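Visitor: For reference, the structure I am asking about is given below.
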Amino acid sequence: MEEFNNAVVLTHRPLRDNELFQIRIDVLIRKWSGSIEFGLITQTPDSFEFPATMTIMRSGTVVMSGNGILHDGKAANSPYTHFNLDQLEEGDRIGILKKPDGEIHYFVNGADQGIATIGLNVPVWGAINLYGMAAKVTIVERNEREEHNLRVNVRTHDYGALPESEDALAFHQNCGFHAAVINNGRTAHRPNARDDFNHGVVLTNRKLKPNELFEVCLDRVIPKWAGSIEIGVTTHIPTQLDYPCTMTNVRSGTWMMTGNGIMHNGTSIVDEYGESLDRLKVGDRVGVLRKESGSLHFFVNGEDQGPAAAGIPPNVYGVIDLYGQAAQATIVQPNNPDASPHYFETGSSLLPENKTKVVVTECGVSDGNGSFLPLAMAESYFYDTDSSDLRFHSLCGKNARVSNNGLTASRANAMGEFNAAIVLSNRGLKDNELFEVVIERMVDRWSGNIEAGVTTIRPEDLVFPNTMTDMDHDTYMLSGASIHIGGGTVTNRYNCNLDTLTCGSRVGMMRKSDGSLHYFVNGEDQGVAALDVPSNIYAVVDLYGQCAQVTITRFGEMSMISSQLIDSLSLPVPTHLSHRFSSSVGKNILLKNNNLVATRIRHYTHGLVFSSLPLEIDEVFEVRIEELRPKWTGSLMIGVTKLNIEEECSPIPPTISAISAETWFVAGSNVKKNNTVLRENYSIHFSRLSSGDRLGVRITPERTLRLSVNGEDMGVAALNLPKKLWAVVDLYGSVETVSVSSRRKSVSSTSERVSSNGDESFGDLGGEGKRKPPRIVSFDERCGKNIELSEKNRRAKRVNGYNNGIVLSNHPLLPDKRFQVKLGSLNSKWSSSLSIGVVWCGTLERFALPNSVVDFRKSSWLVCGDSVLENGVKRKSKYGPGLNSLQEGNLLGIQVDSEGNLRLYINGIDQGVAATNIPSGVRALVDLYGSCDDVCIVDEYLIKNNRGNFAEPYAHHASDKMPNSIDSSTFIKNCEYMNACNSFKNSLCLPDAYFVGTESPICYCHSCHILRGEIGIHKQGDPVAQYTIPLGWVRYSVNFTQEAFPSGTPSNPMMTSSTSSLSNVLTTWHVAYHGLNIPHVRRCMDAGVLFQPGDSDFGEFGSEGFPLKRTKEGGERGEGGLLVFSPAVDYAAIPEFSRKHDFVDSSKRILSARVAFQVLVQPGSYKAGPPSYPNPITTAGYNGEESDRVSLASTLDSETLEWETKEQGATHVSALLIRLDGF
């Protein structure tokens, strides 16, 4: 009676495989909270040091506490089951069993709760912790009959007794394997609906009476599944039915409505019947009724769908199948006088100002006039109905889905549907009230974009069209740059164009008090769109075309909105120096604008926000008050706390004074430490603060706390503060919205802090003034359970399964310091591949690693495939080449630059910014998933130090090409240089028929070349001759055959001058390059041949466009009609052969463009000799800057660098080459 812990007991021997260790609870003492903890240990009882409670053990334990599983003291499977050990009563039984493969199963009253954990392949002892209420237990053997009775009793005392009236229609406690009955038998649900989609069959507790409507309201849906609720009747008795995975599998005595069809004993009897149940949303009702005549009728939202079947026997039970999306349903009993609805006078504290009555039923809230609010949204309705936070109405277009408590609207099948996704606000807009949404997701399959406007039609009265611009009355819409009023277009030149908006853009609507309608884009007023707009209008958003998801960004009543206030609430994306709020906040807080703005969206408490990082010495953390709500008393509180909220597992307290960790704060005008007042009348009273006022906290080098109000120091508030404190703000009472107005210290100080902590260091300068190499990074020993580390933790290998392969860097990353790994073996047995990114995990000892990166939900920025995930939400798609295409030997790296941007590197090539505003102190993360099961760390400085001369890789034969390279076409889409060359090619107006449509251009810029892993010197022909690849150029293959040219194009393809076979030319002729001036490209391609100097078809062309051959005496001759080539493109494209022309690209940069042809030359038809012009010594990179790389031309024999021939028929143009210098 006097102790609640220190009561751990163990079994006297190890448990055998498949041996059930089961105990019965004999005595509970209600004096204490908590109850029995039950599990296994891997230590022998002789060596075991008995703790006060099993949950503090950090090794060798598997413990079930409450409804979760702890492995080595850390949450590993929570929630594990809907049974909670704290709710078990005297007589209930709990057991544990270890299977031969290492799986651990728990049993509650004989029912297997499934796999709790796996991989425990060592001897184990049973362990019991008589904690809290649990005072006495006894080891018992199995008794299936007793266990069955206990299971029924557990459901009863867990979820309440059956309805007081035995005649009241309720659900029977016996139900499907994945179902449970709660709420006094009124509600059925699938507790683990996100993990399972079937076995959710539930029957009524009694037979249906004639003409009795069995109706349920859909309370909860899970969009991840297909299908939805199914309803019907059956002659089977609940206690005797062998519950199937779905009721449509039952082959006797059953009639079910599924989708919009009717099935009898598993066979479809009506294919098209009534409204489809698969389209029901939260709050919708569906029912079934057997008439006295024996006919069966189904009802959807109270409407009879007509007769579905006849001859139904009288003794039938109602049945629902919580299948697919349907996760919870409640019985509706509108005609039962015993089921009295709950009335609330809206003048009460719950509903302060609206003087109507609302009815609260099991399904939701109704005002008696047809308006309905599901239970999921009822809490916010009760707490803040005076302003009725703007949300989306639950009634919407057939392809739209409303989620996130009414804040988010999406088009579920955005790649398959482009319209019929209209959503409206849940109430009419007030004058000068802004309704604003932010675009969160777009698809590039469709044309058009979001459409926005207002309508006087109530959501309940609207027959939703495919697009809102089809409405011919009472509607004002903006589509693109066109204003539509009542279906007619009044202007096509409004000040903004919604079709140009992208992800992250905001669009809003406001009716001003003068009756004018204004639109806002990213917080800026776009001017008057319409006049004389009626009052009491509803906001309309049409998720059309590319727009797939939006979320409301503003809440509450704004009686006056100025541009200054809009700017303050719509801050720009912060730089890397901005403070931010932590993503862990009070339950009534909504964070916006990259965690710069915090808004309390309901009630007056649960408004705690914390700084994302601990404060540095003399660093001011300051917030600005943005919105006040005079309805509430009290005001904001601000201070510092030792609580690291990122690592805190318990719920966030409702107020700052309830924080258990040491906390110093200012409330009103007093300074407090937790609940103790340290100083009175310290500063101005916070109740006098107004919008725009700023409050800041600072920790001095003397470890004192100081407060500033609007920049004025209030003096010392507290003394002797400990190290590592976080700022904390409580949005209490009248203060509803604050924004961060301060910045962090410089990045250099951050780097110094990390270095001083020993996380990473560049070392000291050596005696010769050279910097020592940085300490070699490695993987942290805390890793996924399938990972095996080796080579001093620099190599990670997944040794089992396809997941649980997460590894972290052993130290946080420094700015501009790249973390890079090399892919080892790939396992073709699995699909997908590794992911990489960064996470902020605080202290690793308390950081739980999930099975894969998709399970991260906070402080994570990850690249998976070609998508970028932030906190588990996809922020970008089609980023980079797609990690699933990487092969063995490729290098993959990440880097956080000095501006807080996360960058991805593949084989050393920057793929651009993946995410922004990355905090300092993040660690690199690699998930060895699917086919990738082996990586090793490669240090950046080692790569640089081992990098030889650029020409080194080109000293090999073509057969020496890197074996593990990536398909060049994979990276084409990311090359800006190739895109610029494509633009230049388009400016030449060359017909598409001149090029091979099935071959993509090949970019030979430095980046793409390195990604392909090519060598620089190739060989071809009979006899073999060497040639260089066109490094720095983009190659466009030219059509060879006449058949490839459609009618109406020039009659001479580029090969018509030769009678040789195509296969012979491609394999036995030599490769060379021919430089020419840009104006002559079209002429040569139109004629189908290369023209010789002095050719009459070109007039003066020979003297202006073709190189003149120098004689040995230094003179020039042009009468010989010689065509000049070179096996080195660097020489063939010198200014004497190919002049540069200015080209202005899409970024308004002036570039120098050159062109050349890649040609095939018949062996023996040309004469090779030394160059007539100087051989280029260096070559410029594709960006136009001089490189230290040796020209590829210098690697060839200089005595055979220039080829000349008179035979036009001995040449064939195989490709057009384009180069842009200065890019």
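In the structure tokens, the first chain shown is A, the next is B, and so on; residue numbers restart at 1 for each chain, and ligands run from 1 in the order shown.
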Could you write out, as a count of residues only, all the residues of range 530-685 of chain A that DSSP marks as strand (DSSP E or B)?
Guide: 54
Visitor: In terms of the shortest atom-to-atom distance over only C-alpha atoms, which of A:Gly900, A:Pro651, A:Gly324, A:Gly119 is closest to Phe197 in chain A?
Guide: A:Gly324
Visitor: Could you pull out the alpha helix (DSSP H) residues of range 659-847 of chain A, going by DSSP on the backbone, and write them as a PyMOL selection string?
Guide: chain A and resi 747-756
Visitor: Go ahead and write the residues just picked, all heavy atoms, as a short mmCIF file (atom, residue, chain, number, x, y, z; two decimals), in the first residue's frame.
Guide:
```cif
data_model
loop_
_atom_site.label_atom_id
_atom_site.label_comp_id
_atom_site.auth_asym_id
_atom_site.auth_seq_id
_atom_site.Cartn_x
_atom_site.Cartn_y
_atom_site.Cartn_z
N VAL A 747 26.92 32.59 -39.31
CA VAL A 747 27.26 31.19 -39.54
C VAL A 747 28.65 30.87 -39.01
O VAL A 747 28.91 29.79 -38.53
CB VAL A 747 27.17 30.88 -41.05
CG1 VAL A 747 27.71 29.49 -41.33
CG2 VAL A 747 25.73 30.99 -41.52
N SER A 748 29.53 31.85 -39.08
CA SER A 748 30.89 31.59 -38.59
C SER A 748 30.89 31.24 -37.11
O SER A 748 31.59 30.35 -36.67
CB SER A 748 31.78 32.80 -38.85
OG SER A 748 31.26 33.95 -38.17
N SER A 749 30.05 31.96 -36.34
CA SER A 749 29.99 31.64 -34.92
C SER A 749 29.39 30.28 -34.69
O SER A 749 29.76 29.56 -33.78
CB SER A 749 29.20 32.71 -34.17
OG SER A 749 27.86 32.71 -34.59
N THR A 750 28.40 29.93 -35.55
CA THR A 750 27.82 28.60 -35.45
C THR A 750 28.85 27.54 -35.72
O THR A 750 28.94 26.52 -35.03
CB THR A 750 26.64 28.46 -36.43
OG1 THR A 750 25.71 29.49 -36.17
CG2 THR A 750 25.97 27.12 -36.30
N SER A 751 29.67 27.76 -36.73
CA SER A 751 30.71 26.79 -37.05
C SER A 751 31.70 26.66 -35.91
O SER A 751 32.14 25.57 -35.59
CB SER A 751 31.42 27.21 -38.35
OG SER A 751 30.50 27.33 -39.40
N GLU A 752 32.02 27.83 -35.31
CA GLU A 752 32.97 27.77 -34.21
C GLU A 752 32.39 27.00 -33.04
O GLU A 752 33.09 26.27 -32.36
CB GLU A 752 33.33 29.20 -33.79
CG GLU A 752 34.13 29.96 -34.84
CD GLU A 752 34.24 31.42 -34.50
OE1 GLU A 752 33.73 31.83 -33.45
OE2 GLU A 752 34.83 32.16 -35.29
N ARG A 753 31.05 27.19 -32.81
CA ARG A 753 30.44 26.48 -31.71
C ARG A 753 30.50 24.98 -31.93
O ARG A 753 30.82 24.22 -31.04
CB ARG A 753 28.98 26.93 -31.55
CG ARG A 753 28.32 26.31 -30.35
CD ARG A 753 26.87 26.74 -30.21
NE ARG A 753 26.05 26.07 -31.17
CZ ARG A 753 25.41 26.66 -32.15
NH1 ARG A 753 25.52 27.97 -32.32
NH2 ARG A 753 24.65 25.97 -32.99
N VAL A 754 30.20 24.56 -33.17
CA VAL A 754 30.25 23.13 -33.45
C VAL A 754 31.66 22.61 -33.29
O VAL A 754 31.90 21.54 -32.73
CB VAL A 754 29.70 22.86 -34.87
CG1 VAL A 754 29.87 21.40 -35.22
CG2 VAL A 754 28.25 23.28 -34.97
N SER A 755 32.62 23.39 -33.79
CA SER A 755 34.00 22.94 -33.70
C SER A 755 34.45 22.85 -32.25
O SER A 755 35.13 21.91 -31.86
CB SER A 755 34.90 23.89 -34.49
OG SER A 755 36.23 23.51 -34.38
N SER A 756 34.06 23.85 -31.45
CA SER A 756 34.49 23.84 -30.05
C SER A 756 33.90 22.69 -29.28
O SER A 756 34.45 22.26 -28.28
CB SER A 756 34.09 25.17 -29.39
OG SER A 756 32.69 25.29 -29.33
#
```
Visitor: In Å to one decimal, how far is CA of Arg743 in chain A from CA of Ser920 in chain A?
Guide: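 Atom-to-atom, CA of Ser920 in chain A and CA of Arg743 in chain A are spaced 13.4 Å apart.
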Visitor: So which one's closest to Asn800 in chain A, A:Ser403, A:Ser931, A:Asn670, A:Ser690? Using only C-alpha atoms, please.
Guide: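 Nearest to Asn800 in chain A: A:Ser931.
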Visitor: Identify, on the basis of only C-alpha atoms, every residue whose closest approach to Cys217 in chain A does not exceed 8 Å; exclude the query and any residue fewer than 3 positions from it along the same chain; express the result as a list in words.
Guide: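 The neighbour list is Val282, Gly283, Asp284, Arg285, Val286, Ala329, Thr330, Ile331, Val332 and Cys363 of chain A.
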Visitor: So that I can see what lies close to range 1071-1083 of chain A, please list as a PyMOL selection string the residues with an atom at most 9 Å from it, counting only C-alpha atoms and leaving out residues fewer than 3 positions away in the same chain.
Guide: chain A and resi 988-990+1019-1021+1025-1028+1030+1086-1088+1098+1101+1104-1107+1123-1129+1131-1141+1153-1161+1203+1216
Visitor: Using only C-alpha atoms, determine which residues lie at most 12 Å from Trp32 in chain A, disregarding the query and same-chain residues fewer than 2 positions distant; provide the list as a list in words.
Guide: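 That gives Met1, Glu2, Glu3, Phe4, Asn5, Leu28, Ile29, Arg30, Gly34, Ser35, Ile36, Asp86, Leu130, Tyr131, Gly132, Met133, Ala134 and Ala135 of chain A.
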Visitor: Could you turn the residues from that selection into a file that holds N, CA and C atoms, as a compact mmCIF listing (two decimals), in the first residue's frame?
Guide:
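Result written to part_10.txt:
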```txt
# COMPACT_ATOMS: atom_id res chain seq x y z
N MET A 1 0.82 -1.21 0.00
CA MET A 1 0.00 0.00 0.00
C MET A 1 0.85 1.27 0.00
N GLU A 2 2.11 1.17 0.49
CA GLU A 2 2.93 2.36 0.64
C GLU A 2 3.95 2.53 -0.49
N GLU A 3 4.13 1.53 -1.35
CA GLU A 3 5.11 1.60 -2.43
C GLU A 3 4.42 1.28 -3.76
N PHE A 4 4.90 1.91 -4.81
CA PHE A 4 4.30 1.66 -6.13
C PHE A 4 5.32 1.10 -7.13
N ASN A 5 6.59 0.98 -6.75
CA ASN A 5 7.60 0.49 -7.69
C ASN A 5 8.55 -0.45 -6.97
N LEU A 28 -5.53 -5.45 -7.47
CA LEU A 28 -5.21 -4.09 -7.91
C LEU A 28 -5.51 -3.12 -6.78
N ILE A 29 -4.62 -2.17 -6.56
CA ILE A 29 -4.80 -1.13 -5.55
C ILE A 29 -5.01 0.19 -6.28
N ARG A 30 -6.19 0.76 -6.12
CA ARG A 30 -6.56 1.93 -6.90
C ARG A 30 -5.89 3.21 -6.43
N GLY A 34 -1.07 3.96 -13.23
CA GLY A 34 -0.24 2.99 -13.91
C GLY A 34 -0.57 1.58 -13.43
N SER A 35 -0.01 0.61 -14.12
CA SER A 35 -0.28 -0.77 -13.73
C SER A 35 0.86 -1.66 -14.19
N ILE A 36 0.58 -2.90 -14.36
CA ILE A 36 1.60 -3.92 -14.60
C ILE A 36 2.38 -3.64 -15.87
N ASP A 86 -2.95 -0.76 -18.46
CA ASP A 86 -3.42 0.04 -17.33
C ASP A 86 -4.92 -0.11 -17.11
N LEU A 130 5.50 -5.27 -11.01
CA LEU A 130 4.26 -4.97 -10.29
C LEU A 130 4.27 -3.48 -9.96
N TYR A 131 3.88 -2.72 -10.96
CA TYR A 131 4.00 -1.27 -10.86
C TYR A 131 2.63 -0.65 -10.62
N GLY A 132 2.59 0.45 -9.86
CA GLY A 132 1.36 1.19 -9.69
C GLY A 132 0.27 0.37 -9.04
N MET A 133 -0.87 0.21 -9.75
CA MET A 133 -2.03 -0.49 -9.20
C MET A 133 -1.79 -1.99 -9.02
N ALA A 134 -0.92 -2.60 -9.86
CA ALA A 134 -0.73 -4.06 -9.83
C ALA A 134 -0.03 -4.47 -8.54
N ALA A 135 -0.73 -5.24 -7.71
CA ALA A 135 -0.17 -5.64 -6.41
C ALA A 135 0.10 -7.13 -6.31
```
